[in-house]
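Next comes target-v5.pdb, with PDB, C-alpha atoms.
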ATOM      1  CA  MET A   1       0.000   0.000   0.000  1.00  0.00           C
ATOM      2  CA  ILE A   2       1.432   3.371  -1.027  1.00  0.00           C
ATOM      3  CA  ASP A   3       1.835   5.988   1.716  1.00  0.00           C
ATOM      4  CA  ARG A   4      -0.982   8.401   0.882  1.00  0.00           C
ATOM      5  CA  ALA A   5       0.260  11.053   3.319  1.00  0.00           C
ATOM      6  CA  TYR A   6       3.659  11.048   1.618  1.00  0.00           C
ATOM      7  CA  ILE A   7       2.061  11.386  -1.818  1.00  0.00           C
ATOM      8  CA  LYS A   8       0.112  14.431  -0.607  1.00  0.00           C
ATOM      9  CA  TYR A   9       3.264  15.824   0.994  1.00  0.00           C
ATOM     10  CA  LEU A  10       5.077  15.537  -2.346  1.00  0.00           C
ATOM     11  CA  ALA A  11       2.140  17.264  -4.048  1.00  0.00           C
ATOM     12  CA  LYS A  12       2.335  20.184  -1.618  1.00  0.00           C
ATOM     13  CA  GLN A  13       6.093  20.459  -2.044  1.00  0.00           C
ATOM     14  CA  SER A  14       5.849  20.515  -5.841  1.00  0.00           C
ATOM     15  CA  MET A  15       3.329  23.381  -5.653  1.00  0.00           C
ATOM     16  CA  LYS A  16       5.513  25.665  -3.556  1.00  0.00           C
ATOM     17  CA  GLY A  17       7.138  28.653  -5.224  1.00  0.00           C
ATOM     18  CA  ARG A  18       5.803  27.899  -8.688  1.00  0.00           C
ATOM     19  CA  LYS A  19       5.781  30.722 -11.229  1.00  0.00           C
ATOM     20  CA  PRO A  20       3.115  31.130 -12.395  1.00  0.00           C
ATOM     21  CA  SER A  21       1.285  30.008  -9.290  1.00  0.00           C
ATOM     22  CA  VAL A  22      -0.619  26.738  -9.626  1.00  0.00           C
ATOM     23  CA  TYR A  23      -3.588  28.540  -8.078  1.00  0.00           C
ATOM     24  CA  LEU A  24      -3.533  31.195 -10.788  1.00  0.00           C
ATOM     25  CA  VAL A  25      -3.433  28.562 -13.524  1.00  0.00           C
ATOM     26  CA  ALA A  26      -6.248  26.658 -11.821  1.00  0.00           C
ATOM     27  CA  LEU A  27      -8.267  29.872 -11.596  1.00  0.00           C
ATOM     28  CA  VAL A  28      -7.870  30.487 -15.338  1.00  0.00           C
ATOM     29  CA  PHE A  29      -8.866  26.892 -16.079  1.00  0.00           C
ATOM     30  CA  LEU A  30     -11.923  27.051 -13.797  1.00  0.00           C
ATOM     31  CA  VAL A  31     -13.085  30.416 -15.144  1.00  0.00           C
ATOM     32  CA  ILE A  32     -12.919  29.143 -18.733  1.00  0.00           C
ATOM     33  CA  THR A  33     -14.703  25.862 -17.980  1.00  0.00           C
ATOM     34  CA  ASN A  34     -17.362  27.639 -15.914  1.00  0.00           C
ATOM     35  CA  ILE A  35     -17.996  30.114 -18.734  1.00  0.00           C
ATOM     36  CA  LEU A  36     -18.408  27.172 -21.101  1.00  0.00           C
ATOM     37  CA  SER A  37     -20.761  25.502 -18.597  1.00  0.00           C
ATOM     38  CA  GLU A  38     -22.859  28.640 -18.202  1.00  0.00           C
ATOM     39  CA  LEU A  39     -23.025  29.062 -21.987  1.00  0.00           C
ATOM     40  CA  SER A  40     -24.162  25.442 -22.317  1.00  0.00           C
ATOM     41  CA  THR A  41     -26.870  25.979 -19.700  1.00  0.00           C
ATOM     42  CA  LYS A  42     -28.038  29.180 -21.386  1.00  0.00           C
ATOM     43  CA  ILE A  43     -28.382  27.416 -24.733  1.00  0.00           C
ATOM     44  CA  GLN A  44     -30.363  24.588 -23.147  1.00  0.00           C
ATOM     45  CA  ILE A  45     -32.843  26.731 -21.178  1.00  0.00           C
ATOM     46  CA  GLY A  46     -33.215  29.502 -23.719  1.00  0.00           C
ATOM     47  CA  ASN A  47     -34.681  32.755 -22.384  1.00  0.00           C
ATOM     48  CA  THR A  48     -36.119  31.087 -19.285  1.00  0.00           C
ATOM     49  CA  SER A  49     -34.493  32.363 -16.091  1.00  0.00           C
ATOM     50  CA  ILE A  50     -33.063  30.010 -13.474  1.00  0.00           C
ATOM     51  CA  ASP A  51     -35.356  31.618 -10.870  1.00  0.00           C
ATOM     52  CA  LYS A  52     -38.387  30.803 -13.024  1.00  0.00           C
ATOM     53  CA  ILE A  53     -37.259  27.186 -13.401  1.00  0.00           C
ATOM     54  CA  TRP A  54     -36.817  26.752  -9.639  1.00  0.00           C
ATOM     55  CA  GLU A  55     -40.160  28.449  -9.008  1.00  0.00           C
ATOM     56  CA  ASP A  56     -41.918  26.042 -11.364  1.00  0.00           C
ATOM     57  CA  ILE A  57     -40.170  23.035  -9.822  1.00  0.00           C
ATOM     58  CA  SER A  58     -41.137  24.136  -6.312  1.00  0.00           C
ATOM     59  CA  GLN A  59     -44.752  24.263  -7.501  1.00  0.00           C
ATOM     60  CA  GLY A  60     -44.511  20.796  -9.011  1.00  0.00           C
ATOM     61  CA  VAL A  61     -44.356  22.030 -12.595  1.00  0.00           C
ATOM     62  CA  SER A  62     -41.812  20.187 -14.736  1.00  0.00           C
ATOM     63  CA  PHE A  63     -39.464  22.307 -16.801  1.00  0.00           C
ATOM     64  CA  VAL A  64     -39.557  21.468 -20.491  1.00  0.00           C
ATOM     65  CA  PRO A  65     -36.433  22.784 -22.243  1.00  0.00           C
ATOM     66  CA  PRO A  66     -36.952  24.500 -25.582  1.00  0.00           C
ATOM     67  CA  GLU A  67     -36.307  22.496 -28.706  1.00  0.00           C
ATOM     68  CA  LEU A  68     -32.769  23.068 -29.894  1.00  0.00           C
ATOM     69  CA  SER A  69     -31.893  23.953 -33.439  1.00  0.00           C
ATOM     70  CA  PHE A  70     -29.288  21.945 -35.302  1.00  0.00           C
ATOM     71  CA  GLY A  71     -26.822  24.788 -34.836  1.00  0.00           C
ATOM     72  CA  GLY A  72     -27.538  24.921 -31.101  1.00  0.00           C
ATOM     73  CA  SER A  73     -26.937  21.194 -30.794  1.00  0.00           C
ATOM     74  CA  LEU A  74     -23.610  21.516 -32.599  1.00  0.00           C
ATOM     75  CA  ILE A  75     -22.555  24.304 -30.240  1.00  0.00           C
ATOM     76  CA  LEU A  76     -23.426  22.140 -27.216  1.00  0.00           C
ATOM     77  CA  VAL A  77     -21.313  19.302 -28.586  1.00  0.00           C
ATOM     78  CA  ALA A  78     -18.438  21.691 -29.281  1.00  0.00           C
ATOM     79  CA  ILE A  79     -18.622  23.072 -25.731  1.00  0.00           C
ATOM     80  CA  ALA A  80     -18.611  19.567 -24.241  1.00  0.00           C
ATOM     81  CA  LEU A  81     -15.575  18.605 -26.327  1.00  0.00           C
ATOM     82  CA  MET A  82     -13.733  21.811 -25.435  1.00  0.00           C
ATOM     83  CA  SER A  83     -14.361  21.268 -21.720  1.00  0.00           C
ATOM     84  CA  ALA A  84     -13.201  17.648 -21.885  1.00  0.00           C
ATOM     85  CA  VAL A  85      -9.995  18.515 -23.743  1.00  0.00           C
ATOM     86  CA  LEU A  86      -9.223  21.459 -21.443  1.00  0.00           C
ATOM     87  CA  THR A  87      -9.573  19.107 -18.480  1.00  0.00           C
ATOM     88  CA  VAL A  88      -6.957  16.810 -20.018  1.00  0.00           C
ATOM     89  CA  GLY A  89      -4.805  19.889 -20.595  1.00  0.00           C
ATOM     90  CA  PHE A  90      -5.071  20.849 -16.932  1.00  0.00           C
ATOM     91  CA  GLN A  91      -4.113  17.301 -15.976  1.00  0.00           C
ATOM     92  CA  GLY A  92      -1.048  17.706 -18.181  1.00  0.00           C
ATOM     93  CA  PHE A  93      -0.138  20.944 -16.412  1.00  0.00           C
ATOM     94  CA  CYS A  94      -0.500  19.259 -13.023  1.00  0.00           C
ATOM     95  CA  MET A  95       1.589  16.294 -14.147  1.00  0.00           C
ATOM     96  CA  ARG A  96       4.418  18.627 -15.154  1.00  0.00           C
ATOM     97  CA  VAL A  97       4.163  20.420 -11.801  1.00  0.00           C
ATOM     98  CA  SER A  98       4.272  17.077  -9.979  1.00  0.00           C
ATOM     99  CA  ARG A  99       7.557  16.350 -11.762  1.00  0.00           C
ATOM    100  CA  LYS A 100       8.928  19.826 -11.008  1.00  0.00           C
ATOM    101  CA  GLN A 101       9.134  20.641 -14.702  1.00  0.00           C
ATOM    102  CA  ASP A 102       8.450  24.037 -16.265  1.00  0.00           C
ATOM    103  CA  ALA A 103       4.704  24.530 -16.537  1.00  0.00           C
ATOM    104  CA  GLY A 104       2.392  27.445 -17.221  1.00  0.00           C
ATOM    105  CA  ILE A 105      -1.032  28.442 -18.465  1.00  0.00           C
ATOM    106  CA  GLY A 106      -0.036  27.487 -22.007  1.00  0.00           C
ATOM    107  CA  ASP A 107       0.228  23.831 -20.973  1.00  0.00           C
ATOM    108  CA  ILE A 108      -3.553  23.712 -20.608  1.00  0.00           C
ATOM    109  CA  PHE A 109      -3.900  24.512 -24.303  1.00  0.00           C
ATOM    110  CA  ASP A 110      -0.980  22.434 -25.602  1.00  0.00           C
ATOM    111  CA  VAL A 111      -3.278  19.407 -25.521  1.00  0.00           C
ATOM    112  CA  PHE A 112      -5.115  20.801 -28.556  1.00  0.00           C
ATOM    113  CA  SER A 113      -2.230  19.462 -30.628  1.00  0.00           C
ATOM    114  CA  ILE A 114      -3.727  16.017 -29.931  1.00  0.00           C
ATOM    115  CA  PHE A 115      -7.324  17.272 -29.832  1.00  0.00           C
ATOM    116  CA  PHE A 116      -8.955  14.400 -31.687  1.00  0.00           C
ATOM    117  CA  LYS A 117      -7.059  11.729 -29.773  1.00  0.00           C
ATOM    118  CA  ALA A 118      -7.999  13.400 -26.458  1.00  0.00           C
ATOM    119  CA  VAL A 119     -11.640  13.530 -27.569  1.00  0.00           C
ATOM    120  CA  ALA A 120     -11.565   9.879 -28.633  1.00  0.00           C
ATOM    121  CA  LEU A 121      -9.997   8.887 -25.303  1.00  0.00           C
ATOM    122  CA  ASN A 122     -12.663  10.740 -23.318  1.00  0.00           C
ATOM    123  CA  PHE A 123     -15.378   9.184 -25.447  1.00  0.00           C
ATOM    124  CA  MET A 124     -14.097   5.643 -24.954  1.00  0.00           C
ATOM    125  CA  ILE A 125     -13.594   6.111 -21.216  1.00  0.00           C
ATOM    126  CA  GLY A 126     -17.107   7.539 -20.902  1.00  0.00           C
ATOM    127  CA  LEU A 127     -18.514   4.674 -22.957  1.00  0.00           C
ATOM    128  CA  PHE A 128     -16.821   1.998 -20.852  1.00  0.00           C
ATOM    129  CA  ILE A 129     -17.903   3.650 -17.596  1.00  0.00           C
ATOM    130  CA  MET A 130     -21.474   3.920 -18.883  1.00  0.00           C
ATOM    131  CA  LEU A 131     -21.540   0.252 -19.887  1.00  0.00           C
ATOM    132  CA  TRP A 132     -20.221  -0.842 -16.485  1.00  0.00           C
ATOM    133  CA  SER A 133     -22.738   1.471 -14.791  1.00  0.00           C
ATOM    134  CA  LEU A 134     -25.557  -0.389 -16.522  1.00  0.00           C
ATOM    135  CA  LEU A 135     -24.801  -3.274 -14.166  1.00  0.00           C
ATOM    136  CA  LEU A 136     -24.759  -1.254 -10.930  1.00  0.00           C
ATOM    137  CA  VAL A 137     -23.387   2.032  -9.614  1.00  0.00           C
ATOM    138  CA  VAL A 138     -20.376   0.403  -7.933  1.00  0.00           C
ATOM    139  CA  PRO A 139     -18.997  -1.249 -11.120  1.00  0.00           C
ATOM    140  CA  GLY A 140     -19.246   2.154 -12.794  1.00  0.00           C
ATOM    141  CA  ILE A 141     -17.235   3.801 -10.009  1.00  0.00           C
ATOM    142  CA  ILE A 142     -14.633   1.039 -10.182  1.00  0.00           C
ATOM    143  CA  ALA A 143     -14.381   1.516 -13.944  1.00  0.00           C
ATOM    144  CA  ALA A 144     -13.835   5.256 -13.480  1.00  0.00           C
ATOM    145  CA  TYR A 145     -10.774   4.553 -11.325  1.00  0.00           C
ATOM    146  CA  ARG A 146      -9.619   1.750 -13.609  1.00  0.00           C
ATOM    147  CA  TYR A 147      -9.319   4.163 -16.541  1.00  0.00           C
ATOM    148  CA  SER A 148      -8.352   7.274 -14.550  1.00  0.00           C
ATOM    149  CA  PHE A 149      -4.675   7.177 -15.576  1.00  0.00           C
ATOM    150  CA  ALA A 150      -5.371   6.892 -19.307  1.00  0.00           C
ATOM    151  CA  PRO A 151      -5.141  10.686 -19.887  1.00  0.00           C
ATOM    152  CA  TYR A 152      -1.766  10.832 -18.109  1.00  0.00           C
ATOM    153  CA  ILE A 153      -0.484   7.940 -20.219  1.00  0.00           C
ATOM    154  CA  LEU A 154      -1.599   9.719 -23.395  1.00  0.00           C
ATOM    155  CA  LEU A 155       0.039  12.952 -22.253  1.00  0.00           C
ATOM    156  CA  ASP A 156       3.248  11.081 -21.463  1.00  0.00           C
ATOM    157  CA  THR A 157       3.311   9.347 -24.847  1.00  0.00           C
ATOM    158  CA  PRO A 158       0.970  11.007 -27.396  1.00  0.00           C
ATOM    159  CA  SER A 159       1.938   8.430 -30.005  1.00  0.00           C
ATOM    160  CA  LYS A 160       0.105   5.696 -28.102  1.00  0.00           C
ATOM    161  CA  GLY A 161      -3.337   4.656 -29.266  1.00  0.00           C
ATOM    162  CA  VAL A 162      -6.486   5.366 -27.294  1.00  0.00           C
ATOM    163  CA  LEU A 163      -7.189   1.733 -26.449  1.00  0.00           C
ATOM    164  CA  GLN A 164      -3.554   1.180 -25.527  1.00  0.00           C
ATOM    165  CA  CYS A 165      -3.757   4.045 -23.004  1.00  0.00           C
ATOM    166  CA  ILE A 166      -6.924   2.549 -21.541  1.00  0.00           C
ATOM    167  CA  ARG A 167      -5.364  -0.902 -21.353  1.00  0.00           C
ATOM    168  CA  GLU A 168      -2.220   0.401 -19.653  1.00  0.00           C
ATOM    169  CA  SER A 169      -4.306   2.386 -17.166  1.00  0.00           C
ATOM    170  CA  LYS A 170      -6.169  -0.813 -16.319  1.00  0.00           C
ATOM    171  CA  GLU A 171      -2.841  -2.541 -15.682  1.00  0.00           C
ATOM    172  CA  LEU A 172      -1.407   0.342 -13.605  1.00  0.00           C
ATOM    173  CA  THR A 173      -4.449   0.652 -11.351  1.00  0.00           C
ATOM    174  CA  ALA A 174      -4.820  -3.086 -10.741  1.00  0.00           C
ATOM    175  CA  GLY A 175      -4.844  -3.491  -6.970  1.00  0.00           C
ATOM    176  CA  TYR A 176      -4.795   0.273  -6.367  1.00  0.00           C
ATOM    177  CA  LYS A 177      -8.343   1.394  -7.202  1.00  0.00           C
ATOM    178  CA  TRP A 178      -9.425   1.362  -3.555  1.00  0.00           C
ATOM    179  CA  GLN A 179      -6.376   3.433  -2.593  1.00  0.00           C
ATOM    180  CA  LEU A 180      -7.207   5.963  -5.313  1.00  0.00           C
ATOM    181  CA  PHE A 181     -10.784   6.116  -4.004  1.00  0.00           C
ATOM    182  CA  VAL A 182      -9.512   6.752  -0.469  1.00  0.00           C
ATOM    183  CA  LEU A 183      -7.169   9.431  -1.832  1.00  0.00           C
ATOM    184  CA  ASP A 184     -10.176  11.231  -3.298  1.00  0.00           C
ATOM    185  CA  LEU A 185     -12.079  10.798  -0.034  1.00  0.00           C
ATOM    186  CA  SER A 186      -9.267  12.581   1.785  1.00  0.00           C
ATOM    187  CA  PHE A 187     -10.240  15.741  -0.110  1.00  0.00           C
ATOM    188  CA  ILE A 188     -13.946  15.503   0.772  1.00  0.00           C
ATOM    189  CA  ALA A 189     -13.782  18.355   3.322  1.00  0.00           C
ATOM    190  CA  TRP A 190     -12.328  20.658   0.663  1.00  0.00           C
ATOM    191  CA  GLU A 191     -14.978  19.606  -1.835  1.00  0.00           C
ATOM    192  CA  LEU A 192     -17.747  20.316   0.677  1.00  0.00           C
ATOM    193  CA  LEU A 193     -16.220  23.720   1.411  1.00  0.00           C
ATOM    194  CA  ALA A 194     -16.185  24.521  -2.320  1.00  0.00           C
ATOM    195  CA  SER A 195     -19.903  23.719  -2.479  1.00  0.00           C
ATOM    196  CA  VAL A 196     -20.836  26.080   0.379  1.00  0.00           C
ATOM    197  CA  PRO A 197     -21.092  29.203  -1.858  1.00  0.00           C
ATOM    198  CA  ALA A 198     -23.812  27.399  -3.837  1.00  0.00           C
ATOM    199  CA  LEU A 199     -26.072  28.031  -0.852  1.00  0.00           C
ATOM    200  CA  LEU A 200     -25.990  31.703  -1.829  1.00  0.00           C
ATOM    201  CA  ALA A 201     -27.321  31.004  -5.316  1.00  0.00           C
ATOM    202  CA  GLY A 202     -30.764  32.253  -4.320  1.00  0.00           C
ATOM    203  CA  VAL A 203     -29.279  35.524  -3.068  1.00  0.00           C
ATOM    204  CA  SER A 204     -26.713  36.161  -5.797  1.00  0.00           C
ATOM    205  CA  PRO A 205     -25.797  33.592  -8.456  1.00  0.00           C
ATOM    206  CA  ILE A 206     -22.686  35.594  -9.365  1.00  0.00           C
ATOM    207  CA  ILE A 207     -21.380  35.538  -5.788  1.00  0.00           C
ATOM    208  CA  ALA A 208     -22.162  31.816  -5.532  1.00  0.00           C
ATOM    209  CA  ILE A 209     -20.271  30.989  -8.729  1.00  0.00           C
ATOM    210  CA  ALA A 210     -17.336  33.281  -7.916  1.00  0.00           C
ATOM    211  CA  GLY A 211     -17.025  31.890  -4.389  1.00  0.00           C
ATOM    212  CA  SER A 212     -17.099  28.317  -5.630  1.00  0.00           C
ATOM    213  CA  ILE A 213     -14.451  29.041  -8.272  1.00  0.00           C
ATOM    214  CA  LEU A 214     -12.128  30.770  -5.796  1.00  0.00           C
ATOM    215  CA  ILE A 215     -12.275  27.895  -3.301  1.00  0.00           C
ATOM    216  CA  SER A 216     -11.967  25.300  -6.061  1.00  0.00           C
ATOM    217  CA  ALA A 217      -8.862  27.122  -7.343  1.00  0.00           C
ATOM    218  CA  PHE A 218      -7.121  26.001  -4.152  1.00  0.00           C
ATOM    219  CA  VAL A 219      -8.344  22.416  -3.932  1.00  0.00           C
ATOM    220  CA  THR A 220      -8.429  21.442  -7.638  1.00  0.00           C
ATOM    221  CA  PRO A 221      -4.672  21.707  -8.316  1.00  0.00           C
ATOM    222  CA  TYR A 222      -3.803  20.047  -4.997  1.00  0.00           C
ATOM    223  CA  ARG A 223      -6.081  17.102  -5.706  1.00  0.00           C
ATOM    224  CA  THR A 224      -5.043  16.754  -9.356  1.00  0.00           C
ATOM    225  CA  ILE A 225      -1.323  17.012  -8.579  1.00  0.00           C
ATOM    226  CA  ALA A 226      -1.715  14.383  -5.837  1.00  0.00           C
ATOM    227  CA  THR A 227      -3.363  12.078  -8.385  1.00  0.00           C
ATOM    228  CA  ALA A 228      -0.530  12.807 -10.838  1.00  0.00           C
ATOM    229  CA  MET A 229       1.925  11.930  -8.062  1.00  0.00           C
ATOM    230  CA  TYR A 230       0.160   8.615  -7.623  1.00  0.00           C
ATOM    231  CA  TYR A 231       0.472   8.025 -11.357  1.00  0.00           C
ATOM    232  CA  ASN A 232       4.167   8.958 -11.172  1.00  0.00           C
ATOM    233  CA  ARG A 233       4.622   6.412  -8.405  1.00  0.00           C
ATOM    234  CA  LEU A 234       2.858   3.574 -10.224  1.00  0.00           C
ATOM    235  CA  SER A 235       4.504   4.350 -13.557  1.00  0.00           C
ATOM    236  CA  GLY A 236       7.969   4.461 -11.983  1.00  0.00           C
ATOM    237  CA  TRP A 237       8.663   8.210 -12.144  1.00  0.00           C
ATOM    238  CA  ILE A 238       9.069   8.460  -8.369  1.00  0.00           C
ATOM    239  CA  THR A 239       9.388   6.107  -5.426  1.00  0.00           C
ATOM    240  CA  ALA A 240       7.260   6.427  -2.319  1.00  0.00           C
ATOM    241  CA  PRO A 241       7.338   4.491   0.950  1.00  0.00           C
ATOM    242  CA  GLU A 242       4.727   1.900   1.700  1.00  0.00           C
ATOM    243  CA  GLU A 243       2.247   2.415   4.531  1.00  0.00           C
TER     244      GLU A 243
END
As structure tokens:
Amino acid sequence: MIDRAYIKYLAKQSMKGRKPSVYLVALVFLVITNILSELSTKIQIGNTSIDKIWEDISQGVSFVPPELSFGGSLILVAIALMSAVLTVGFQGFCMRVSRKQDAGIGDIFDVFSIFFKAVALNFMIGLFIMLWSLLLVVPGIIAAYRYSFAPYILLDTPSKGVLQCIRESKELTAGYKWQLFVLDLSFIAWELLASVPALLAGVSPIIAIAGSILISAFVTPYRTIATAMYYNRLSGWITAPEE
């Protein structure tokens, strides 16, 4: 069993004194992805306000989204693909930070050089997780951890095929999926804290979103770099003591 505390210690150490700050890069990433998310929501609900939707739901009236045009559907797909690829880009940034290599905001966008392969990888991972989830929720969760290192493998060696990355992730995580789950659980307090501003959504949606982004800008890089550290350990980049 890998020493989780040591992995998190290494993550913290790799974040110290970075220029640009990992928190700044995370903030840029979160602002962009939240803008894309808000744009997606706006397209789906049309001119209907969020307050109106919640009012109807509270009165037992189901919200029926407006019918999307072909162009609107294409935009939604494009937004989903952009968000997925940017997430892989942020993982790449965090992996470089975890290895104490030069890394900056540009690393988030470098992944667009393998855009189609990153899209295909996300699609296949999502498909496999969905198929496992058809059995029960737990197999779906297990599958998510089984394929969680595939993006890092692709970023490490872009020449590898999508299925090869998935297969190698399956091999790397064999016997470690529970540990990866526990690693994520160790960040649960931070995740709950990041969700607190959502309670202000009824007062001011802007404040709620901004507060959530600011808190997430601290926890997201820490959690992602810790995961990258785990990948580094299992792939042989670093050694870590056993618990």
Original post:
Need the neighbours of (1.4, 23.6, -23.9): which residues are at most 12 Å away, counting all atoms listed in the file, as number ranges by chain?
Top reply: A: 86, 88-94, 96, 102-114, 155
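Applied to the shown file, the PyMOL selection byres ((chain A and resi 129) around 9) selects the residues Met124, Ile125, Gly126, Leu127, Phe128, Met130, Leu131, Trp132, Ser133, Leu134, Pro139, Gly140, Ile141, Ile142, Ala143, Ala144 and Tyr147 of chain A.
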Grab the residues selected above and save them as a compact mmCIF listing (two decimals), in the frame of the given file with C-alpha atoms.
# COMPACT_ATOMS: atom_id res chain seq x y z
CA MET A 124 -14.10 5.64 -24.95
CA ILE A 125 -13.59 6.11 -21.22
CA GLY A 126 -17.11 7.54 -20.90
CA LEU A 127 -18.51 4.67 -22.96
CA PHE A 128 -16.82 2.00 -20.85
CA MET A 130 -21.47 3.92 -18.88
CA LEU A 131 -21.54 0.25 -19.89
CA TRP A 132 -20.22 -0.84 -16.48
CA SER A 133 -22.74 1.47 -14.79
CA LEU A 134 -25.56 -0.39 -16.52
CA PRO A 139 -19.00 -1.25 -11.12
CA GLY A 140 -19.25 2.15 -12.79
CA ILE A 141 -17.24 3.80 -10.01
CA ILE A 142 -14.63 1.04 -10.18
CA ALA A 143 -14.38 1.52 -13.94
CA ALA A 144 -13.84 5.26 -13.48
CA TYR A 147 -9.32 4.16 -16.54
**OP:** Given the file shown, enumerate the residues that the PyMOL selection byres ((chain A and resi 222-225) around 10) captures and present them as a PyMOL selection string.
**Re:** chain A and resi 7-8+10-12+14-15+22-23+26+90-99+183-184+186-187+190+216-221+226-231
Subject >> Residue among A:Ile166, A:Ser37, A:Val25, A:Val138 lying closest to A:Trp178, counting all atoms listed in the file >> reply: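 The answer is A:Val138, which sits nearest to A:Trp178.
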**OP:** May I ask for the distance between atom CA of A:Val182 and atom CA of A:Val196, given in Å to one decimal place?
**Re:**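 Between atom CA of A:Val182 and atom CA of A:Val196 the gap is 22.4 Å.
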**OP:** Show which residues sit within 7 Å of stretch 40-44 of chain A, as a ChimeraX atom specification. Count all atoms listed in the file, and ignore same-chain residues fewer than 4 positions away.
**Re:** /A:36,65,72,76,79
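Here atom CA of A:Gly161 is placed at a distance of 23.8 Å from atom CA of A:Gly175.
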